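Everything below belongs to upload30.cif, which stores mmCIF, C-alpha atoms and all ligand atoms.
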```cif
data_my_file
loop_
_atom_site.label_atom_id
_atom_site.label_comp_id
_atom_site.auth_asym_id
_atom_site.auth_seq_id
_atom_site.Cartn_x
_atom_site.Cartn_y
_atom_site.Cartn_z
CA MET F 1500 0.00 0.00 0.00
CA MET F 1501 1.48 3.39 -1.05
CA ASP F 1502 0.31 6.45 0.88
CA HIS F 1503 -0.14 9.88 -0.73
CA ASP F 1504 -1.96 13.14 -0.09
CA VAL F 1505 -3.29 13.41 -3.64
CA VAL F 1506 -3.60 10.76 -6.35
CA VAL F 1507 -4.33 12.18 -9.82
CA ILE F 1508 -5.67 9.61 -12.29
CA GLY F 1509 -4.71 10.56 -15.86
CA GLY F 1510 -1.51 12.25 -17.04
CA GLY F 1511 -3.21 14.18 -19.86
CA PRO F 1512 -2.94 17.98 -20.01
CA ALA F 1513 -5.41 18.53 -17.13
CA GLY F 1514 -3.82 15.99 -14.75
CA LEU F 1515 -0.30 17.22 -15.51
CA ALA F 1516 -1.38 20.86 -15.08
CA LEU F 1517 -2.72 20.07 -11.59
CA ALA F 1518 0.55 18.33 -10.69
CA CYS F 1519 2.40 21.50 -11.82
CA SER F 1520 0.05 23.79 -9.89
CA LEU F 1521 0.61 21.81 -6.67
CA ARG F 1522 4.42 21.90 -6.86
CA GLY F 1523 5.99 23.37 -3.77
CA THR F 1524 3.04 22.59 -1.48
CA GLY F 1525 4.95 19.78 0.24
CA LEU F 1526 2.09 17.40 -0.55
CA ARG F 1527 2.90 13.82 -1.59
CA ILE F 1528 1.30 13.53 -5.01
CA ALA F 1529 1.09 10.60 -7.43
CA VAL F 1530 0.02 10.88 -11.08
CA VAL F 1531 -1.18 7.54 -12.45
CA GLU F 1532 -1.14 7.24 -16.24
CA ARG F 1533 -1.68 4.13 -18.34
CA GLN F 1534 0.72 5.30 -21.08
CA PRO F 1535 4.42 4.61 -20.51
CA ALA F 1536 6.66 7.39 -19.14
CA ASP F 1537 8.68 7.78 -22.37
CA VAL F 1538 5.47 8.48 -24.33
CA LEU F 1539 4.44 11.10 -21.75
CA ALA F 1540 7.89 12.70 -21.98
CA ASN F 1541 7.78 12.79 -25.79
CA PRO F 1542 4.17 12.45 -26.92
CA PRO F 1543 3.59 11.95 -30.66
CA SER F 1544 1.53 14.51 -32.59
CA ASP F 1545 -2.24 14.04 -32.27
CA GLY F 1546 -3.01 16.77 -34.82
CA ARG F 1547 -4.83 19.02 -32.31
CA GLU F 1548 -3.91 22.68 -32.34
CA ILE F 1549 -5.03 24.15 -29.03
CA ALA F 1550 -6.22 27.78 -29.17
CA LEU F 1551 -5.28 29.20 -25.78
CA THR F 1552 -6.98 32.25 -24.29
CA HIS F 1553 -5.11 35.08 -22.54
CA ARG F 1554 -6.08 33.57 -19.18
CA ALA F 1555 -4.79 30.11 -20.18
CA VAL F 1556 -1.46 31.58 -21.31
CA ARG F 1557 -1.16 33.42 -17.99
CA LEU F 1558 -1.91 30.22 -16.02
CA LEU F 1559 0.67 28.28 -18.03
CA GLN F 1560 3.23 31.06 -17.42
CA GLU F 1561 2.51 31.06 -13.68
CA MET F 1562 3.01 27.30 -13.39
CA GLY F 1563 6.25 27.56 -15.42
CA ALA F 1564 5.05 25.46 -18.40
CA TRP F 1565 4.83 28.24 -21.03
CA GLN F 1566 8.61 28.70 -20.73
CA HIS F 1567 9.11 25.07 -21.85
CA LEU F 1568 7.33 25.60 -25.18
CA ASP F 1569 9.39 26.08 -28.33
CA PRO F 1570 8.47 29.67 -29.47
CA ALA F 1571 8.65 28.49 -33.11
CA MET F 1572 5.66 26.24 -32.41
CA ILE F 1573 3.41 29.05 -31.08
CA ALA F 1574 1.20 30.85 -33.60
CA PRO F 1575 -0.69 34.03 -32.64
CA LEU F 1576 -4.34 34.14 -33.64
CA ARG F 1577 -4.79 37.77 -34.75
CA ALA F 1578 -8.48 37.68 -35.74
CA ALA F 1579 -11.31 35.31 -36.59
CA ARG F 1580 -14.18 35.39 -39.07
CA VAL F 1581 -17.32 33.31 -39.30
CA LEU F 1582 -18.97 32.59 -42.67
CA ASN F 1583 -22.36 31.11 -43.45
CA GLY F 1584 -22.84 29.06 -46.66
CA ARG F 1585 -22.10 30.93 -49.89
CA SER F 1586 -23.00 34.33 -48.40
CA PRO F 1587 -20.15 36.86 -48.88
CA PHE F 1588 -21.01 38.33 -45.46
CA ALA F 1589 -18.53 37.54 -42.64
CA LEU F 1590 -18.81 38.20 -38.91
CA SER F 1591 -15.35 39.29 -37.71
CA PHE F 1592 -13.76 39.16 -34.28
CA ASP F 1593 -10.75 41.34 -33.55
CA PRO F 1594 -8.75 41.62 -30.34
CA ALA F 1595 -9.83 44.54 -28.16
CA GLY F 1596 -6.27 45.91 -27.89
CA GLY F 1597 -5.71 46.69 -31.61
CA ALA F 1598 -3.24 45.35 -34.19
CA GLN F 1599 -0.53 44.31 -31.69
CA ASP F 1600 -3.00 42.31 -29.63
CA TRP F 1601 -4.13 38.72 -30.25
CA LEU F 1602 -7.31 36.70 -29.77
CA GLY F 1603 -5.52 33.52 -28.80
CA GLN F 1604 -2.27 31.55 -29.19
CA LEU F 1605 -2.28 28.27 -31.12
CA VAL F 1606 -0.03 25.53 -29.73
CA PRO F 1607 0.14 21.88 -30.87
CA ASN F 1608 -1.35 19.68 -28.15
CA HIS F 1609 1.65 17.33 -28.01
CA HIS F 1610 4.00 20.28 -27.39
CA LEU F 1611 1.72 21.44 -24.60
CA ARG F 1612 1.72 17.98 -23.03
CA ARG F 1613 5.53 17.75 -23.33
CA ALA F 1614 5.94 21.18 -21.68
CA LEU F 1615 3.60 20.23 -18.82
CA TYR F 1616 5.45 16.92 -18.29
CA ARG F 1617 8.82 18.72 -18.18
CA THR F 1618 7.50 21.27 -15.70
CA ALA F 1619 6.02 18.61 -13.42
CA PHE F 1620 8.74 15.97 -13.52
CA GLU F 1621 11.99 17.34 -14.88
CA ALA F 1622 12.21 21.09 -14.21
CA GLY F 1623 14.27 23.10 -11.71
CA ASP F 1624 13.51 22.11 -8.15
CA GLY F 1625 12.99 18.46 -9.10
CA PRO F 1626 10.13 16.09 -8.52
CA ALA F 1627 10.13 16.38 -4.69
CA GLY F 1628 6.84 15.04 -3.37
CA LEU F 1629 5.66 14.17 -6.86
CA GLU F 1630 5.67 10.63 -8.20
CA LEU F 1631 4.75 9.32 -11.65
CA VAL F 1632 3.16 5.88 -11.77
CA ALA F 1633 3.20 5.28 -15.53
CA GLY F 1634 2.50 2.37 -17.84
CA VAL F 1635 -0.28 1.00 -15.68
CA ALA F 1636 -4.02 1.73 -15.73
CA VAL F 1637 -6.24 2.29 -12.74
CA ASP F 1638 -8.57 -0.65 -12.34
CA ARG F 1639 -10.78 0.34 -9.42
CA VAL F 1640 -11.35 3.22 -7.01
CA ARG F 1641 -13.18 3.36 -3.68
CA THR F 1642 -13.62 6.40 -1.49
CA GLY F 1643 -14.69 6.73 2.14
CA LEU F 1644 -14.72 9.39 4.83
CA ALA F 1645 -11.15 8.57 5.91
CA ALA F 1646 -9.36 7.92 2.60
CA ALA F 1647 -9.57 7.10 -1.10
CA ARG F 1648 -8.16 3.82 -2.38
CA VAL F 1649 -6.96 3.16 -5.91
CA THR F 1650 -6.26 -0.33 -7.22
CA LEU F 1651 -3.97 -0.55 -10.24
CA ALA F 1652 -4.28 -3.15 -13.00
CA ASP F 1653 -1.11 -4.87 -11.69
CA GLY F 1654 -2.71 -5.27 -8.23
CA ARG F 1655 -0.80 -2.47 -6.46
CA GLU F 1656 -2.85 -0.22 -4.15
CA LEU F 1657 -2.54 3.51 -3.49
CA ARG F 1658 -4.23 5.33 -0.62
CA SER F 1659 -4.72 9.09 -0.52
CA ARG F 1660 -6.55 11.90 1.24
CA LEU F 1661 -7.81 13.24 -2.11
CA LEU F 1662 -8.44 11.46 -5.41
CA VAL F 1663 -8.62 13.52 -8.62
CA ALA F 1664 -10.09 11.99 -11.78
CA ALA F 1665 -8.53 13.45 -14.96
CA ASP F 1666 -9.10 10.38 -17.11
CA SER F 1667 -10.92 11.96 -20.12
CA ARG F 1668 -14.52 12.60 -21.12
CA PHE F 1669 -15.40 8.90 -20.95
CA SER F 1670 -13.96 8.71 -17.42
CA LYS F 1671 -14.23 5.25 -15.83
CA VAL F 1672 -13.27 6.72 -12.48
CA ARG F 1673 -16.27 9.08 -12.67
CA GLU F 1674 -18.49 6.05 -13.21
CA GLN F 1675 -16.93 4.16 -10.29
CA LEU F 1676 -17.46 7.19 -8.05
CA GLY F 1677 -21.17 6.87 -8.88
CA ILE F 1678 -21.29 10.21 -10.72
CA THR F 1679 -23.49 10.17 -13.81
CA ALA F 1680 -22.86 12.41 -16.82
CA SER F 1681 -24.93 13.57 -19.75
CA ILE F 1682 -23.20 12.19 -22.84
CA ASN F 1683 -24.21 13.30 -26.35
CA ARG F 1684 -22.71 11.31 -29.20
CA LEU F 1685 -23.14 13.54 -32.23
CA GLY F 1686 -22.73 10.99 -35.03
CA ARG F 1687 -20.21 13.30 -36.68
CA SER F 1688 -16.44 13.21 -36.71
CA MET F 1689 -13.81 15.90 -36.88
CA MET F 1690 -10.75 15.43 -39.06
CA VAL F 1691 -7.71 17.60 -38.32
CA CYS F 1692 -4.97 17.91 -40.92
CA ARG F 1693 -1.87 20.14 -41.15
CA VAL F 1694 -1.35 21.61 -44.62
CA ALA F 1695 1.06 23.98 -46.41
CA HIS F 1696 -0.55 26.44 -48.84
CA ASP F 1697 0.08 29.18 -51.43
CA ARG F 1698 -1.76 32.08 -49.83
CA ASP F 1699 -0.93 34.03 -46.68
CA HIS F 1700 -3.47 33.45 -43.89
CA GLY F 1701 -2.56 36.74 -42.15
CA GLY F 1702 -3.00 35.09 -38.73
CA VAL F 1703 -6.78 34.98 -39.27
CA ALA F 1704 -8.85 31.92 -38.36
CA THR F 1705 -11.83 31.16 -40.59
CA GLU F 1706 -14.84 29.14 -39.43
CA TRP F 1707 -17.09 28.36 -42.34
CA PHE F 1708 -20.49 26.71 -41.91
CA ASP F 1709 -21.25 25.48 -45.39
CA HIS F 1710 -24.04 23.22 -46.65
CA GLY F 1711 -23.32 19.72 -45.25
CA GLN F 1712 -19.89 20.53 -43.78
CA THR F 1713 -18.18 22.73 -41.23
CA ILE F 1714 -14.61 23.69 -41.96
CA ALA F 1715 -12.19 25.71 -39.85
CA LEU F 1716 -8.85 27.03 -41.05
CA LEU F 1717 -6.45 27.68 -38.17
CA PRO F 1718 -3.37 29.81 -38.97
CA LEU F 1719 -0.05 28.16 -38.00
CA PRO F 1720 3.52 29.50 -38.43
CA GLY F 1721 4.46 30.58 -41.98
CA ARG F 1722 2.23 29.39 -44.78
CA THR F 1723 0.83 26.43 -42.91
CA SER F 1724 -2.60 25.90 -41.40
CA SER F 1725 -4.57 23.24 -39.60
CA ILE F 1726 -7.73 22.35 -41.50
CA VAL F 1727 -10.50 21.06 -39.25
CA LEU F 1728 -13.29 19.39 -41.18
CA THR F 1729 -16.53 18.14 -39.59
CA LEU F 1730 -18.83 15.74 -41.45
CA PRO F 1731 -20.90 12.60 -40.75
CA ALA F 1732 -18.57 9.92 -39.36
CA GLY F 1733 -18.54 7.64 -42.45
CA GLU F 1734 -17.73 10.51 -44.80
CA ILE F 1735 -14.79 11.62 -42.65
CA GLU F 1736 -13.39 8.05 -42.58
CA ARG F 1737 -13.49 7.98 -46.40
CA ILE F 1738 -11.69 11.32 -46.74
CA ALA F 1739 -9.09 10.50 -44.07
CA SER F 1740 -8.16 7.29 -45.92
CA LEU F 1741 -7.26 9.15 -49.16
CA ASP F 1742 -3.58 9.26 -50.09
CA ARG F 1743 -1.83 12.58 -49.36
CA ALA F 1744 -2.14 13.94 -52.94
CA ALA F 1745 -5.86 13.17 -53.17
CA LEU F 1746 -6.44 14.51 -49.65
CA GLY F 1747 -4.65 17.76 -50.54
CA ALA F 1748 -6.90 18.16 -53.60
CA GLU F 1749 -10.01 17.41 -51.52
CA LEU F 1750 -9.06 19.98 -48.87
CA THR F 1751 -8.20 22.60 -51.52
CA MET F 1752 -11.67 22.10 -53.00
CA ARG F 1753 -13.47 22.06 -49.64
CA SER F 1754 -11.71 25.23 -48.40
CA ALA F 1755 -12.91 27.00 -51.59
CA GLY F 1756 -9.56 28.59 -52.38
CA TRP F 1757 -9.23 30.61 -49.14
CA LEU F 1758 -5.69 29.29 -48.71
CA GLY F 1759 -4.91 28.56 -52.38
CA ARG F 1760 -3.58 25.08 -53.16
CA CYS F 1761 -3.18 22.88 -50.06
CA THR F 1762 -0.46 20.23 -49.63
CA VAL F 1763 -0.79 17.76 -46.77
CA VAL F 1764 2.30 17.87 -44.50
CA GLU F 1765 1.13 15.51 -41.75
CA ASP F 1766 -1.28 12.57 -41.84
CA PRO F 1767 -4.80 13.47 -40.63
CA HIS F 1768 -6.29 12.51 -37.26
CA VAL F 1769 -9.98 11.73 -36.74
CA TYR F 1770 -12.04 12.43 -33.60
CA PRO F 1771 -15.62 11.13 -33.24
CA LEU F 1772 -17.57 13.97 -31.64
CA ALA F 1773 -19.27 13.63 -28.25
CA THR F 1774 -19.95 16.21 -25.58
CA THR F 1775 -20.20 15.34 -21.88
CA PHE F 1776 -21.12 17.14 -18.67
CA ALA F 1777 -20.82 15.44 -15.28
CA GLN F 1778 -23.77 15.72 -12.89
CA HIS F 1779 -21.31 16.56 -10.08
CA PHE F 1780 -17.65 17.55 -10.11
CA ALA F 1781 -16.98 16.12 -6.65
CA ALA F 1782 -17.78 13.17 -4.37
CA THR F 1783 -16.49 12.06 -0.98
CA ARG F 1784 -12.70 12.71 -1.05
CA ALA F 1785 -12.77 12.99 -4.86
CA ALA F 1786 -12.90 15.67 -7.56
CA LEU F 1787 -13.23 15.60 -11.35
CA ILE F 1788 -11.12 17.91 -13.52
CA GLY F 1789 -10.55 18.47 -17.25
CA ASP F 1790 -12.69 16.55 -19.71
CA ALA F 1791 -13.76 14.14 -16.94
CA ALA F 1792 -15.80 17.07 -15.58
CA VAL F 1793 -16.76 18.85 -18.82
CA GLY F 1794 -16.16 17.49 -22.34
CA MET F 1795 -16.76 20.49 -24.62
CA HIS F 1796 -17.42 20.40 -28.37
CA PRO F 1797 -14.08 21.49 -29.91
CA VAL F 1798 -15.71 24.05 -32.24
CA THR F 1799 -15.41 26.94 -29.77
CA ALA F 1800 -11.94 25.81 -28.57
CA HIS F 1801 -12.75 25.99 -24.87
CA GLY F 1802 -12.09 22.41 -23.60
CA PHE F 1803 -8.53 22.68 -22.34
CA ASN F 1804 -8.93 26.37 -21.47
CA LEU F 1805 -11.73 25.43 -19.07
CA GLY F 1806 -9.77 22.39 -17.85
CA LEU F 1807 -6.86 24.68 -16.96
CA GLN F 1808 -9.18 27.07 -15.19
CA GLY F 1809 -10.80 24.25 -13.18
CA GLN F 1810 -7.53 22.72 -12.00
CA ALA F 1811 -6.32 26.23 -11.02
CA THR F 1812 -9.46 26.70 -8.90
CA LEU F 1813 -8.96 23.33 -7.19
CA ALA F 1814 -5.21 23.96 -6.67
CA ARG F 1815 -5.92 27.38 -5.09
CA LEU F 1816 -8.40 25.83 -2.63
CA ILE F 1817 -5.94 23.04 -1.78
CA ARG F 1818 -3.12 25.56 -1.22
CA GLU F 1819 -5.34 27.63 1.08
CA ALA F 1820 -6.23 24.47 3.05
CA VAL F 1821 -2.55 23.49 3.37
CA SER F 1822 -1.61 26.98 4.64
CA ALA F 1823 -4.46 26.94 7.18
CA GLY F 1824 -3.72 23.34 8.26
CA ARG F 1825 -7.17 22.20 7.12
CA ASP F 1826 -8.24 18.99 5.35
CA ILE F 1827 -7.40 19.21 1.60
CA ALA F 1828 -10.47 17.11 0.76
CA SER F 1829 -13.11 18.48 3.11
CA ALA F 1830 -16.72 18.42 1.91
CA LEU F 1831 -16.78 22.25 2.07
CA LEU F 1832 -13.65 22.63 -0.09
CA LEU F 1833 -14.98 20.19 -2.70
CA ARG F 1834 -18.38 21.91 -2.75
CA ARG F 1835 -16.69 25.28 -3.33
CA TYR F 1836 -14.67 23.79 -6.20
CA GLU F 1837 -17.78 22.29 -7.77
CA ALA F 1838 -19.80 25.53 -7.48
CA ALA F 1839 -17.03 27.70 -8.98
CA HIS F 1840 -16.29 25.34 -11.86
CA ARG F 1841 -19.96 24.83 -12.68
CA LEU F 1842 -20.45 28.59 -12.88
CA ALA F 1843 -17.42 28.89 -15.17
CA THR F 1844 -18.45 26.08 -17.52
CA ARG F 1845 -22.23 25.59 -17.70
CA PRO F 1846 -23.10 28.73 -19.75
CA LEU F 1847 -20.31 28.06 -22.26
CA TYR F 1848 -21.23 24.38 -22.52
CA THR F 1849 -24.89 25.16 -23.16
CA GLY F 1850 -24.11 28.04 -25.53
CA THR F 1851 -21.65 25.95 -27.55
CA ASN F 1852 -24.14 23.09 -27.90
CA LEU F 1853 -26.84 25.51 -29.14
CA LEU F 1854 -24.40 26.97 -31.65
CA VAL F 1855 -23.46 23.49 -32.86
CA ARG F 1856 -27.13 22.59 -33.32
CA LEU F 1857 -27.82 25.76 -35.29
CA TYR F 1858 -24.75 25.37 -37.49
CA THR F 1859 -25.03 21.68 -38.28
CA ASP F 1860 -28.69 21.87 -39.27
CA ASP F 1861 -28.84 21.70 -43.08
CA ARG F 1862 -32.52 22.58 -43.46
CA PRO F 1863 -33.04 25.83 -45.44
CA LEU F 1864 -34.71 27.57 -42.48
CA ALA F 1865 -31.65 26.95 -40.31
CA GLY F 1866 -29.50 28.63 -42.99
CA VAL F 1867 -31.74 31.70 -42.80
CA ALA F 1868 -31.55 31.66 -38.98
CA ARG F 1869 -27.75 31.46 -39.13
CA HIS F 1870 -27.62 34.40 -41.47
CA ALA F 1871 -29.88 36.42 -39.17
CA VAL F 1872 -27.70 35.58 -36.15
CA LEU F 1873 -24.53 36.67 -37.98
CA ARG F 1874 -26.14 39.90 -39.22
CA ALA F 1875 -27.48 40.68 -35.74
CA GLY F 1876 -24.00 40.04 -34.32
CA ALA F 1877 -22.47 42.47 -36.82
CA ARG F 1878 -24.99 45.20 -35.92
CA LEU F 1879 -24.25 44.87 -32.21
CA PRO F 1880 -20.64 45.93 -31.72
CA LEU F 1881 -21.03 45.45 -27.97
CA ALA F 1882 -22.12 41.83 -28.43
CA ARG F 1883 -19.19 41.27 -30.77
CA GLN F 1884 -16.80 42.75 -28.25
CA LEU F 1885 -18.26 40.54 -25.52
CA ILE F 1886 -17.79 37.45 -27.68
CA SER F 1887 -14.20 38.51 -28.47
CA ARG F 1888 -13.56 39.00 -24.76
CA SER F 1889 -15.03 35.60 -23.91
CA LEU F 1890 -12.88 34.04 -26.65
CA MET F 1891 -9.84 35.76 -25.21
CA GLN F 1892 -10.79 35.22 -21.54
CA ARG F 1893 -8.50 37.87 -20.11
C1 LIG F 1901 -9.80 18.10 -32.50
C2 LIG F 1901 -9.76 18.76 -31.15
C3 LIG F 1901 -9.39 20.10 -31.05
C4 LIG F 1901 -9.37 20.74 -29.83
N1 LIG F 1901 -9.05 22.06 -29.77
C5 LIG F 1901 -9.06 22.70 -28.59
C6 LIG F 1901 -8.73 24.10 -28.52
O1 LIG F 1901 -8.45 24.75 -29.53
N2 LIG F 1901 -8.76 24.71 -27.30
C7 LIG F 1901 -9.07 24.03 -26.16
O2 LIG F 1901 -9.06 24.63 -25.07
N3 LIG F 1901 -9.36 22.70 -26.19
C8 LIG F 1901 -9.37 22.03 -27.37
N4 LIG F 1901 -9.67 20.70 -27.41
C9 LIG F 1901 -9.99 19.99 -26.15
C10 LIG F 1901 -8.73 19.48 -25.41
O3 LIG F 1901 -7.91 18.73 -26.29
C11 LIG F 1901 -9.19 18.63 -24.22
O4 LIG F 1901 -10.06 19.41 -23.44
C12 LIG F 1901 -8.01 18.17 -23.35
O5 LIG F 1901 -7.15 17.32 -24.04
C13 LIG F 1901 -8.53 17.39 -22.15
O6 LIG F 1901 -7.47 17.02 -21.33
P1 LIG F 1901 -7.67 15.95 -20.16
O7 LIG F 1901 -6.33 15.83 -19.50
O8 LIG F 1901 -8.85 16.29 -19.36
O9 LIG F 1901 -8.07 14.59 -20.90
P2 LIG F 1901 -7.27 13.70 -21.94
O10 LIG F 1901 -6.43 14.54 -22.84
O11 LIG F 1901 -8.30 12.82 -22.56
O12 LIG F 1901 -6.29 12.81 -21.04
C14 LIG F 1901 -6.76 11.79 -20.20
C15 LIG F 1901 -5.56 10.92 -19.77
O13 LIG F 1901 -6.01 9.93 -18.85
C16 LIG F 1901 -5.40 8.69 -19.15
N5 LIG F 1901 -6.27 7.61 -18.63
C17 LIG F 1901 -7.54 7.33 -19.01
N6 LIG F 1901 -8.02 6.29 -18.29
C18 LIG F 1901 -7.04 5.92 -17.42
C19 LIG F 1901 -6.93 4.91 -16.44
N7 LIG F 1901 -7.94 4.06 -16.15
N8 LIG F 1901 -5.76 4.79 -15.76
C20 LIG F 1901 -4.71 5.64 -16.01
N9 LIG F 1901 -4.77 6.62 -16.94
C21 LIG F 1901 -5.91 6.76 -17.64
C22 LIG F 1901 -5.30 8.70 -20.68
O14 LIG F 1901 -4.31 7.80 -21.14
C23 LIG F 1901 -4.95 10.17 -20.95
O15 LIG F 1901 -3.54 10.39 -20.96
C24 LIG F 1901 -9.71 20.02 -28.64
C25 LIG F 1901 -10.08 18.68 -28.74
C26 LIG F 1901 -10.11 18.05 -29.97
C27 LIG F 1901 -10.52 16.61 -30.06
#
```
Kindly present the structure from the file in structure tokens form.
Ligand SMILES: Cc1cc2nc3c(=O)[nH]c(=O)nc-3n(C[C@H](O)[C@H](O)[C@H](O)COP(=O)(O)OP(=O)(O)OC[C@H]3O[C@@H](n4cnc5c(N)ncnc54)[C@H](O)[C@@H]3O)c2cc1C
Amino acid sequence: MMDHDVVVIGGGPAGLALACSLRGTGLRIAVVERQPADVLANPPSDGREIALTHRAVRLLQEMGAWQHLDPAMIAPLRAARVLNGRSPFALSFDPAGGAQDWLGQLVPNHHLRRALYRTAFEAGDGPAGLELVAGVAVDRVRTGLAAARVTLADGRELRSRLLVAADSRFSKVREQLGITASINRLGRSMMVCRVAHDRDHGGVATEWFDHGQTIALLPLPGRTSSIVLTLPAGEIERIASLDRAALGAELTMRSAGWLGRCTVVEDPHVYPLATTFAQHFAATRAALIGDAAVGMHPVTAHGFNLGLQGQATLARLIREAVSAGRDIASALLLRRYEAAHRLATRPLYTGTNLLVRLYTDDRPLAGVARHAVLRAGARLPLARQLISRSLMQR
């Protein structure tokens, strides 16, 4: 039996971020991750480009992870535009601070994960109090008033004062804690693919809701972009299996010449779309963070941003409890975490799902409604500014 103060299940970006945020507290922390340590230290590309808000960048800087990112891999998002069908009208979002400002910063997910791993386990003051239990999955968890117990697939047992589930949107730990979640499988998949192209993107992201498809063009360094295509699952599988030349031609055609001719520079990755929201973010001696708490639709690029915010809230409450000599997993502390994180996530989760419904509805009336929403947005500069601010989350 290994004793810890905190056991974090899942060494994804949310779990690693919490481990970073708790450095220096003197707590004995274990991160359990089923992938081997060398994969965590050098994760392969998963094709995701994470658009980070101002707040997320600040949190990453404060925990020391931003400094571990290769600056050549960071691409500023200078503006965004939303297009509806063949209409020439575009709703634009610009940063509030003028030309030098940015809406977000795009960072490849695997670079983010590598930076968080380095910060947690390799950086400066060393891994004191922090242990990585890698290459083994969690099999079972039980929590009680005195302690939480975690049984690993190899039979080892860990006991802790607080258990944190960061094991993805289909969290098994959440299930074992008896917490239900609303899970919406959308029947559509998202294909992400890095391309080089002829035209300059100018640092502008384009989200285009066309008949039968949604396509986003995310500006990366130089003349490269990430194309994010959403279609019914079977159609995406067909397109993703094309050879690179045929895929480039398909993406050039589907992006309607916005970027000129596209050449595929990295094989595509496919993500079946599902959104999830846990009924509770806490149970006796346990908390949910990251996608295990809220699995956002990627279209508004909020998932990891909210995950970062949630772990920061939990870490702040734990730090306060440590300083005051109080229990780090008291019912009051966990209730405060749940209330704060619900307030931060529920409106965005609901709003994003409404947006997705409106923009994936191919009936003619929905097209008219979309157009009306975009026009109304353009006529209300204040609303546009509010949306820009919420995108940027200062
Ligand atoms: C295409 C795409 C684009 C996106 N773009 C953005 C964006 O622009 N901005 C943004 O903010 N977010 C974005 N997101 C969302 C973001 O990627 C997720 O919110 C984030 O990865 C969630 O991190 P997590 O650590 O909670 O979960 P995960 O990344 O799912 O990690 C969970 C970890 O738990 C481990 N695990 C699972 N079960 C066990 C077990 N039983 N035992 C041990 N370990 C276990 C897994 O191996 C994994 O490492 C995007 C998502 C997608 C799919």
Would you compute an axis-aligned box for segment 1841-1856 of chain F, covering every atom listed for it in the file with 6 Å of margin on each side, and report centre and edge lengths in Å to one decimal as AutoDock Vina command-line options?
```
--center_x -22.3 --center_y 25.7 --center_z -23.0 --size_x 21.7 --size_y 18.3 --size_z 32.6
```
Spatial neighbours of Val1530 of chain F, max dist 8 Å, only C-alpha atoms, sep filter under 4 positions, as JSON, numbers by chain: {"F": [1506, 1507, 1508, 1509, 1510, 1514, 1515, 1518, 1629, 1630, 1631, 1632, 1633]}
For ligand LIG 1901 (chain F), return the neighbouring residues as an MDAnalysis selection string (distance at most 6 Å; all atoms listed in the file). chainID F and resid 1508:1514 1531:1534 1547:1551 1636:1637 1665:1667 1770 1789:1791 1797 1800:1804
Two-atom distance - atom CA of Gly1711 of chain F, atom CA of Leu1730 of chain F (Å): 7.1 Å
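Relative to atom CA of Arg1737 of chain F, atom CA of Glu1706 of chain F is found at 22.3 Å.
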Among F:Asp1638, F:Asp1699, F:Glu1621, F:Asp1600, Lys1671 of chain F is approached most closely, using all atoms listed in the file, by F:Asp1638
Please measure the separation of atom CA of Gly1809 of chain F and atom CA of Tyr1848 of chain F, giving the value in Å to one decimal. 14.0 Å
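Distance check against Val1703 of chain F using only C-alpha atoms: of F:Glu1819, F:Asp1502, F:Asp1569, F:Asp1593, the minimum falls on F:Asp1593.
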Which residues, written as a ChimeraX atom specification, have at least one atom at most 12 Å from His1610 of chain F, with only C-alpha atoms counted and residues fewer than 2 positions away on the same chain left out? /F:1512,1539-1549,1564-1573,1605-1608,1612-1617
Any idea what's packed within 8 Å of Arg1760 of chain F, counting only C-alpha atoms, ignoring anything in its chain fewer than 4 positions away? Could you give it as a PyMOL selection string? chain F and resi 1696-1698+1747-1748+1751+1756
Give me the residues near Asp1504 of chain F as a ChimeraX atom specification, where near means some atom within 10 Å (using all atoms listed in the file) and where sequence neighbours in that chain fewer than 6 positions away do not count. /F:1525-1529,1628,1646-1647,1658-1662,1827-1828
Those same residues - C-alpha atoms - I'd like them written as a compact mmCIF listing (two decimals), in the coordinates of the input.
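See out-v2.txt below for the written result:
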```txt
# COMPACT_ATOMS: atom_id res chain seq x y z
CA GLY F 1525 4.95 19.78 0.24
CA LEU F 1526 2.09 17.40 -0.55
CA ARG F 1527 2.90 13.82 -1.59
CA ILE F 1528 1.30 13.53 -5.01
CA ALA F 1529 1.09 10.60 -7.43
CA GLY F 1628 6.84 15.04 -3.37
CA ALA F 1646 -9.36 7.92 2.60
CA ALA F 1647 -9.57 7.10 -1.10
CA ARG F 1658 -4.23 5.33 -0.62
CA SER F 1659 -4.72 9.09 -0.52
CA ARG F 1660 -6.55 11.90 1.24
CA LEU F 1661 -7.81 13.24 -2.11
CA LEU F 1662 -8.44 11.46 -5.41
CA ILE F 1827 -7.40 19.21 1.60
CA ALA F 1828 -10.47 17.11 0.76
```
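Residues of protein, DNA and RNA with at least one atom no farther than 9 Å from (-10.7, 19.9, -48.0) are, using all atoms listed in the file, Ile1714, Ile1726, Val1727, Leu1728, Ile1738, Leu1746, Gly1747, Ala1748, Glu1749, Leu1750, Thr1751, Met1752, Arg1753, Ser1754, Ala1755 and Cys1761 of chain F.
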Take the residues from that selection and put them in a file with C-alpha atoms, as a compact mmCIF listing (two decimals), in the coordinates of the input.
```txt
# COMPACT_ATOMS: atom_id res chain seq x y z
CA ILE F 1714 -14.61 23.69 -41.96
CA ILE F 1726 -7.73 22.35 -41.50
CA VAL F 1727 -10.50 21.06 -39.25
CA LEU F 1728 -13.29 19.39 -41.18
CA ILE F 1738 -11.69 11.32 -46.74
CA LEU F 1746 -6.44 14.51 -49.65
CA GLY F 1747 -4.65 17.76 -50.54
CA ALA F 1748 -6.90 18.16 -53.60
CA GLU F 1749 -10.01 17.41 -51.52
CA LEU F 1750 -9.06 19.98 -48.87
CA THR F 1751 -8.20 22.60 -51.52
CA MET F 1752 -11.67 22.10 -53.00
CA ARG F 1753 -13.47 22.06 -49.64
CA SER F 1754 -11.71 25.23 -48.40
CA ALA F 1755 -12.91 27.00 -51.59
CA CYS F 1761 -3.18 22.88 -50.06
```
